[in-house]
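The structure appears below as structure tokens.
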Amino acid sequence: MSGRANGAGHAGSNGAKPPKHASGGKGTVRRAIAEAAPVAAPKATIPAGFEMRENGLWRVPGEGKAPFRVCGPFEIIAETRPQDGTDWGVLLRWHDRDVTEHEWILPRRLLAGEAVEVRQHLAACGLDVEASDGARRALVQFLAGAGSPDRVRTVPTTGWYTPLTGGAVFVLPGRSVGTVTGEVVCLALETGPNIYQPKGTLPEWRDEVARRCLENSRLMLGVACAFAGPLAPLIGSEGGGFNLRGDSSKGKTTIIDAAASVWGAPSKTGPDAFVRQWRTTANALEQTAAAHNHVLLPMDEMGQADPKEVPETLYMLANGTGKDRARAAGGNRKPVTFTNIVLSSSEESAARLAEQGGRRMKAGQEVRLLDIPAIVPGGYGCFDVLHGEPDGGAFAQAVRRAVLEQHGTVGPAFVEAIAAKLAGSVDFRAEVIARIDDWTRVNVPAGADGQVRRAAGRLALVAVAGEIATEFGLTGWPAGAASAAVGKVFRAWMDERGGTGSREDMHLFSAVRRFIGAHGSSRFEPLRSEKPEDAGGQVEPALDDRLKTIGRVGYRWQETTETGEKVWIFGMQPEMFDAEIAAPLGMEGKDARSRLGKAGMIRGEKAGGETRWTIKQRIPGLGRPRLILIDGSKITGGDED
């Protein structure tokens, strides 16, 4: 075990014990090294000409030159490096004037120049740093030459890490959970808010928080999301999540807080709160997502976000990659990467918020953050049952009191149980995938579009995560409760969505209905018959000069069906269709016409083995132009048709 540097050229202990009132949890890495190191581990080495005394580091030049103090006392704990060996550092430890313990991984690259950042960080964290030029140079010389035989593996984000030596470890600030062979692993992040700070006990969390989730579908969904985060990377699942949409003061934030309590403190508890806000910059959100890598990212009130940035933000969170940034010396730095399960809340959907910023959400973006109806029909706002409380507000307050006192204990226990599973002989990953497939088969209707199946896959992950946490004895829920709750939410999502077809089709069909409803009698020039209808129900058209048409997009006329019913046919010019309907949806006109044709909303004709979705129609004075023939009887239904 490496300790304080001494005059013999090694880092050795001076025999003093750490102050009893030093902050807890700071010595985690040091203790791990001590447990992993052999009994006769060599001590850390320091450059000749330096001594670490009781009052700090001293430069001892020799040859009659007077020694001088460089800085306060500190320890060299170990040398650090990532798995690719490209960013070596030194793990330092010291106490400030309040005897609060600090640990910092000093990147060796910062010693290549004047090392101003190094002195600034040490001074900011309470280490006395002498201001003379000689002391500044001596500090850089000492740190550049100091070393240790002890090694620590650093990782850039929280979450799962698989060492080259085998095993699996889940890395959190100040601790690593799981099985790792032959090395110590720690998080290589700057000092920041301790969002993973636990409070209370796991049994109390189970009794006070998890118990209130029973029979509450949205509340159980939220908490199960917190368990889904560590499972997603194990099975190669992409990031994404859910947005609880509904009126204010109905319990959405309560669900966010209950979910966050699996890992840390609820919202509105200061900088250490595990719940984050949408009101932030894109760069800051990258770092936030990295701090929540492989766990839950709870974000309250999407309405605070910049509407213009909502679509790109959702893509970033789902794809799990930040922006590429250039290095000052040339080339690009490695982008920040992460995998999150996001749980958000808002009064409006992400699509509506994007529209306020002049942007349009694509179907692929919408499915990345599923818009979940938060209000329970026939319930109490976002809650199905109140567990003895008089109303929804009182129930929300009861949950709030519980999560303030009980949080941050169950998440580490969950990943510890998973790590034990991974270390066993059973293929845990294959088991999770098989259970997700089973849930999907049971809950997804036959013939559902791929987007629905993709959404169901994410919900299935949440359902299975809740069931696995229950099997680990962490929730106290009965078997099948999480699966049933998530299934109820999935059905509510499908009902509000309007069916199991593709989102692009639904947007297109709705756009056609809106356009015909708004402009059917004003922008389609009417044709009237000059002779009786023939047996096929067709008319011989002629322009009707009695009505004035402004901004014409096509023509309309009536036909008689085989049952004798008169229906309107709207013949729209393809160029106007592309500009007025397809383009605003971000669709190509040919693709939009094909979708409408396959749905039976427009007529087609066979041509060379393919179907053409424009028909030649005689128009007086214009010959026989090709038009898109929209059948009025096919566009009157709702989205579910």
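Labels for the structure tokens follow display order: chains A, B, ..., residues from 1 in each chain, ligands from 1.
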Shell of 10 Å around Val118 (chain A), only C-alpha atoms, local chain residues under 5 positions omitted, as a VMD selection string: chain A and resid 106 to 108 110 to 111 123 to 124 139 to 140 143
Produce a file of the selected residues containing all heavy atoms, as a PDB file, in the first residue's frame.
ATOM      1  N   LEU A 106      -4.730  12.997 -11.183  1.00  0.00           N
ATOM      2  CA  LEU A 106      -3.999  14.033 -11.914  1.00  0.00           C
ATOM      3  C   LEU A 106      -3.554  13.476 -13.266  1.00  0.00           C
ATOM      4  O   LEU A 106      -2.704  12.577 -13.321  1.00  0.00           O
ATOM      5  CB  LEU A 106      -2.774  14.481 -11.107  1.00  0.00           C
ATOM      6  CG  LEU A 106      -1.687  15.235 -11.875  1.00  0.00           C
ATOM      7  CD1 LEU A 106      -2.218  16.552 -12.417  1.00  0.00           C
ATOM      8  CD2 LEU A 106      -0.465  15.459 -10.993  1.00  0.00           C
ATOM      9  N   PRO A 107      -4.112  13.948 -14.382  1.00  0.00           N
ATOM     10  CA  PRO A 107      -3.649  13.485 -15.699  1.00  0.00           C
ATOM     11  C   PRO A 107      -2.211  13.948 -15.945  1.00  0.00           C
ATOM     12  O   PRO A 107      -1.895  15.133 -15.804  1.00  0.00           O
ATOM     13  CB  PRO A 107      -4.622  14.166 -16.675  1.00  0.00           C
ATOM     14  CG  PRO A 107      -5.801  14.571 -15.845  1.00  0.00           C
ATOM     15  CD  PRO A 107      -5.244  14.881 -14.487  1.00  0.00           C
ATOM     16  N   ARG A 108      -1.346  13.038 -16.304  1.00  0.00           N
ATOM     17  CA  ARG A 108       0.052  13.405 -16.517  1.00  0.00           C
ATOM     18  C   ARG A 108       0.229  14.387 -17.675  1.00  0.00           C
ATOM     19  O   ARG A 108       1.211  15.151 -17.692  1.00  0.00           O
ATOM     20  CB  ARG A 108       0.892  12.146 -16.767  1.00  0.00           C
ATOM     21  CG  ARG A 108       1.131  11.304 -15.509  1.00  0.00           C
ATOM     22  CD  ARG A 108       2.257  10.310 -15.722  1.00  0.00           C
ATOM     23  NE  ARG A 108       2.565   9.537 -14.530  1.00  0.00           N
ATOM     24  CZ  ARG A 108       3.356   9.944 -13.538  1.00  0.00           C
ATOM     25  NH1 ARG A 108       3.902  11.153 -13.614  1.00  0.00           N
ATOM     26  NH2 ARG A 108       3.600   9.180 -12.501  1.00  0.00           N
ATOM     27  N   LEU A 110      -1.204  17.049 -18.087  1.00  0.00           N
ATOM     28  CA  LEU A 110      -1.250  18.425 -17.585  1.00  0.00           C
ATOM     29  C   LEU A 110       0.113  18.908 -17.102  1.00  0.00           C
ATOM     30  O   LEU A 110       0.293  20.104 -16.844  1.00  0.00           O
ATOM     31  CB  LEU A 110      -2.267  18.540 -16.445  1.00  0.00           C
ATOM     32  CG  LEU A 110      -3.728  18.244 -16.792  1.00  0.00           C
ATOM     33  CD1 LEU A 110      -4.611  18.484 -15.583  1.00  0.00           C
ATOM     34  CD2 LEU A 110      -4.190  19.097 -17.970  1.00  0.00           C
ATOM     35  N   LEU A 111       1.067  17.986 -16.972  1.00  0.00           N
ATOM     36  CA  LEU A 111       2.398  18.356 -16.503  1.00  0.00           C
ATOM     37  C   LEU A 111       3.342  18.701 -17.638  1.00  0.00           C
ATOM     38  O   LEU A 111       4.512  19.033 -17.402  1.00  0.00           O
ATOM     39  CB  LEU A 111       2.996  17.206 -15.676  1.00  0.00           C
ATOM     40  CG  LEU A 111       2.183  16.777 -14.446  1.00  0.00           C
ATOM     41  CD1 LEU A 111       2.792  15.518 -13.837  1.00  0.00           C
ATOM     42  CD2 LEU A 111       2.118  17.901 -13.430  1.00  0.00           C
ATOM     43  N   ALA A 123      -5.069  23.939  -5.214  1.00  0.00           N
ATOM     44  CA  ALA A 123      -5.358  25.065  -4.331  1.00  0.00           C
ATOM     45  C   ALA A 123      -6.852  25.205  -4.080  1.00  0.00           C
ATOM     46  O   ALA A 123      -7.291  25.488  -2.962  1.00  0.00           O
ATOM     47  CB  ALA A 123      -4.794  26.350  -4.931  1.00  0.00           C
ATOM     48  N   ALA A 124      -7.644  24.993  -5.138  1.00  0.00           N
ATOM     49  CA  ALA A 124      -9.096  25.119  -4.994  1.00  0.00           C
ATOM     50  C   ALA A 124      -9.652  24.078  -4.037  1.00  0.00           C
ATOM     51  O   ALA A 124     -10.676  24.311  -3.384  1.00  0.00           O
ATOM     52  CB  ALA A 124      -9.770  24.988  -6.356  1.00  0.00           C
ATOM     53  N   LEU A 139       7.129  21.802  -7.798  1.00  0.00           N
ATOM     54  CA  LEU A 139       5.922  20.969  -7.731  1.00  0.00           C
ATOM     55  C   LEU A 139       5.746  20.175  -9.023  1.00  0.00           C
ATOM     56  O   LEU A 139       5.447  18.976  -8.999  1.00  0.00           O
ATOM     57  CB  LEU A 139       4.697  21.839  -7.460  1.00  0.00           C
ATOM     58  CG  LEU A 139       3.358  21.099  -7.389  1.00  0.00           C
ATOM     59  CD1 LEU A 139       3.371  20.051  -6.284  1.00  0.00           C
ATOM     60  CD2 LEU A 139       2.204  22.082  -7.191  1.00  0.00           C
ATOM     61  N   VAL A 140       5.941  20.841 -10.162  1.00  0.00           N
ATOM     62  CA  VAL A 140       5.814  20.152 -11.445  1.00  0.00           C
ATOM     63  C   VAL A 140       6.889  19.073 -11.569  1.00  0.00           C
ATOM     64  O   VAL A 140       6.617  17.950 -12.023  1.00  0.00           O
ATOM     65  CB  VAL A 140       5.917  21.156 -12.611  1.00  0.00           C
ATOM     66  CG1 VAL A 140       5.910  20.420 -13.952  1.00  0.00           C
ATOM     67  CG2 VAL A 140       4.784  22.165 -12.554  1.00  0.00           C
ATOM     68  N   LEU A 143       5.879  16.034  -9.293  1.00  0.00           N
ATOM     69  CA  LEU A 143       4.747  15.261  -9.811  1.00  0.00           C
ATOM     70  C   LEU A 143       5.115  14.516 -11.084  1.00  0.00           C
ATOM     71  O   LEU A 143       4.631  13.405 -11.332  1.00  0.00           O
ATOM     72  CB  LEU A 143       3.554  16.183 -10.055  1.00  0.00           C
ATOM     73  CG  LEU A 143       2.921  16.799  -8.798  1.00  0.00           C
ATOM     74  CD1 LEU A 143       1.865  17.831  -9.181  1.00  0.00           C
ATOM     75  CD2 LEU A 143       2.304  15.711  -7.926  1.00  0.00           C
TER      76      LEU A 143
END
Run DSSP on the backbone of this structure and report the residues of region 334-515 of chain A it assigns to helix (DSSP H, G or I), as number ranges by chain. A: 350-356, 363-368, 392-405, 410-423, 428-443, 450-471, 481-497, 503-515
For CA of Arg593 (chain A) and CA of Lys566 (chain A), quote the distance in Å rounded to one decimal. 24.4 Å
Quick one: everything within 12 Å of region 597-599 of chain A, counting only C-alpha atoms, minus sequence neighbours fewer than 2 positions away in the same chain. Send it as number ranges by chain. A: 501-502, 505-506, 508-509, 590-595, 601-605, 611-615, 628-631, 634-635, 641
Take the selection from the previous step and output its residues with N, CA and C atoms, as a compact mmCIF listing (two decimals), in the first residue's frame.
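As written to disk, part_22.txt reads:
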# COMPACT_ATOMS: atom_id res chain seq x y z
N GLY A 501 -50.53 0.85 -36.74
CA GLY A 501 -49.85 1.15 -38.00
C GLY A 501 -48.64 2.04 -37.76
N SER A 502 -47.96 2.37 -38.88
CA SER A 502 -46.77 3.20 -38.75
C SER A 502 -47.17 4.64 -38.46
N ASP A 505 -47.63 6.75 -41.61
CA ASP A 505 -48.94 6.59 -42.24
C ASP A 505 -50.00 7.40 -41.52
N MET A 506 -49.98 7.35 -40.21
CA MET A 506 -50.99 8.08 -39.44
C MET A 506 -50.89 9.58 -39.67
N LEU A 508 -49.67 11.00 -42.34
CA LEU A 508 -50.07 11.25 -43.72
C LEU A 508 -51.58 11.21 -43.87
N PHE A 509 -52.22 10.17 -43.33
CA PHE A 509 -53.67 10.07 -43.45
C PHE A 509 -54.36 11.26 -42.79
N LYS A 590 -43.74 10.45 -54.09
CA LYS A 590 -43.98 9.10 -54.58
C LYS A 590 -44.24 8.15 -53.42
N ASP A 591 -43.47 8.29 -52.33
CA ASP A 591 -43.66 7.43 -51.16
C ASP A 591 -45.01 7.70 -50.52
N ALA A 592 -45.39 8.97 -50.42
CA ALA A 592 -46.67 9.31 -49.80
C ALA A 592 -47.83 8.75 -50.62
N ARG A 593 -47.75 8.84 -51.95
CA ARG A 593 -48.83 8.30 -52.79
C ARG A 593 -48.93 6.79 -52.65
N SER A 594 -47.78 6.12 -52.56
CA SER A 594 -47.80 4.67 -52.40
C SER A 594 -48.46 4.27 -51.09
N ARG A 595 -48.18 4.99 -50.02
CA ARG A 595 -48.79 4.68 -48.72
C ARG A 595 -50.30 4.87 -48.78
N MET A 601 -56.93 4.81 -50.00
CA MET A 601 -57.44 6.17 -49.96
C MET A 601 -57.36 6.87 -51.30
N ILE A 602 -56.52 6.36 -52.22
CA ILE A 602 -56.47 6.90 -53.58
C ILE A 602 -56.52 5.74 -54.55
N ARG A 603 -56.87 6.03 -55.80
CA ARG A 603 -57.01 5.01 -56.83
C ARG A 603 -55.69 4.80 -57.57
N GLY A 604 -55.52 3.60 -58.06
CA GLY A 604 -54.33 3.28 -58.83
C GLY A 604 -54.68 2.50 -60.07
N GLU A 605 -53.67 2.33 -60.96
CA GLU A 605 -53.85 1.53 -62.16
C GLU A 605 -52.57 0.75 -62.42
N THR A 611 -48.02 -0.74 -59.89
CA THR A 611 -49.20 0.09 -59.72
C THR A 611 -48.80 1.56 -59.77
N ARG A 612 -49.49 2.31 -60.63
CA ARG A 612 -49.26 3.75 -60.73
C ARG A 612 -50.38 4.45 -59.97
N TRP A 613 -50.00 5.39 -59.09
CA TRP A 613 -50.98 6.02 -58.21
C TRP A 613 -51.44 7.38 -58.72
N THR A 614 -51.34 7.58 -60.04
CA THR A 614 -51.97 8.73 -60.70
C THR A 614 -52.80 8.20 -61.86
N ILE A 615 -53.93 8.85 -62.09
CA ILE A 615 -54.88 8.38 -63.11
C ILE A 615 -55.13 9.51 -64.11
N ILE A 628 -54.12 12.71 -58.88
CA ILE A 628 -54.23 11.79 -57.74
C ILE A 628 -55.70 11.80 -57.33
N LEU A 629 -56.38 10.66 -57.49
CA LEU A 629 -57.82 10.60 -57.24
C LEU A 629 -58.06 10.13 -55.81
N ILE A 630 -58.49 11.07 -54.97
CA ILE A 630 -58.75 10.81 -53.56
C ILE A 630 -60.23 10.51 -53.40
N ASP A 631 -60.53 9.34 -52.89
CA ASP A 631 -61.91 8.90 -52.70
C ASP A 631 -62.45 9.50 -51.40
N LYS A 634 -63.33 7.37 -48.39
CA LYS A 634 -62.26 6.65 -47.70
C LYS A 634 -61.49 7.52 -46.70
N ILE A 635 -61.81 8.80 -46.63
CA ILE A 635 -61.02 9.69 -45.78
C ILE A 635 -61.82 10.29 -44.65
N ASP A 641 -58.94 3.91 -38.28
CA ASP A 641 -59.41 3.16 -39.44
C ASP A 641 -58.25 2.74 -40.33
Write out as a ChimeraX atom specification all residues of region 91-278 of chain A that DSSP puts in strand (DSSP E) for this structure's backbone. /A:91-95,101-107,151-155,159-161,167-172,175-180,184-187,240-245,276-277
Residues near region 297-299 of chain A, cut-off 7 Å, only C-alpha atoms, skip fewer than 4 positions along chain, as a list in words: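 Within the cut-off, the hits are Ile256, Ala260, Val275, Arg276, Gln277, Trp278, Ala289, His292, Asn340, Ile341, Val342, Leu343, Ser344 and Ser345 of chain A.
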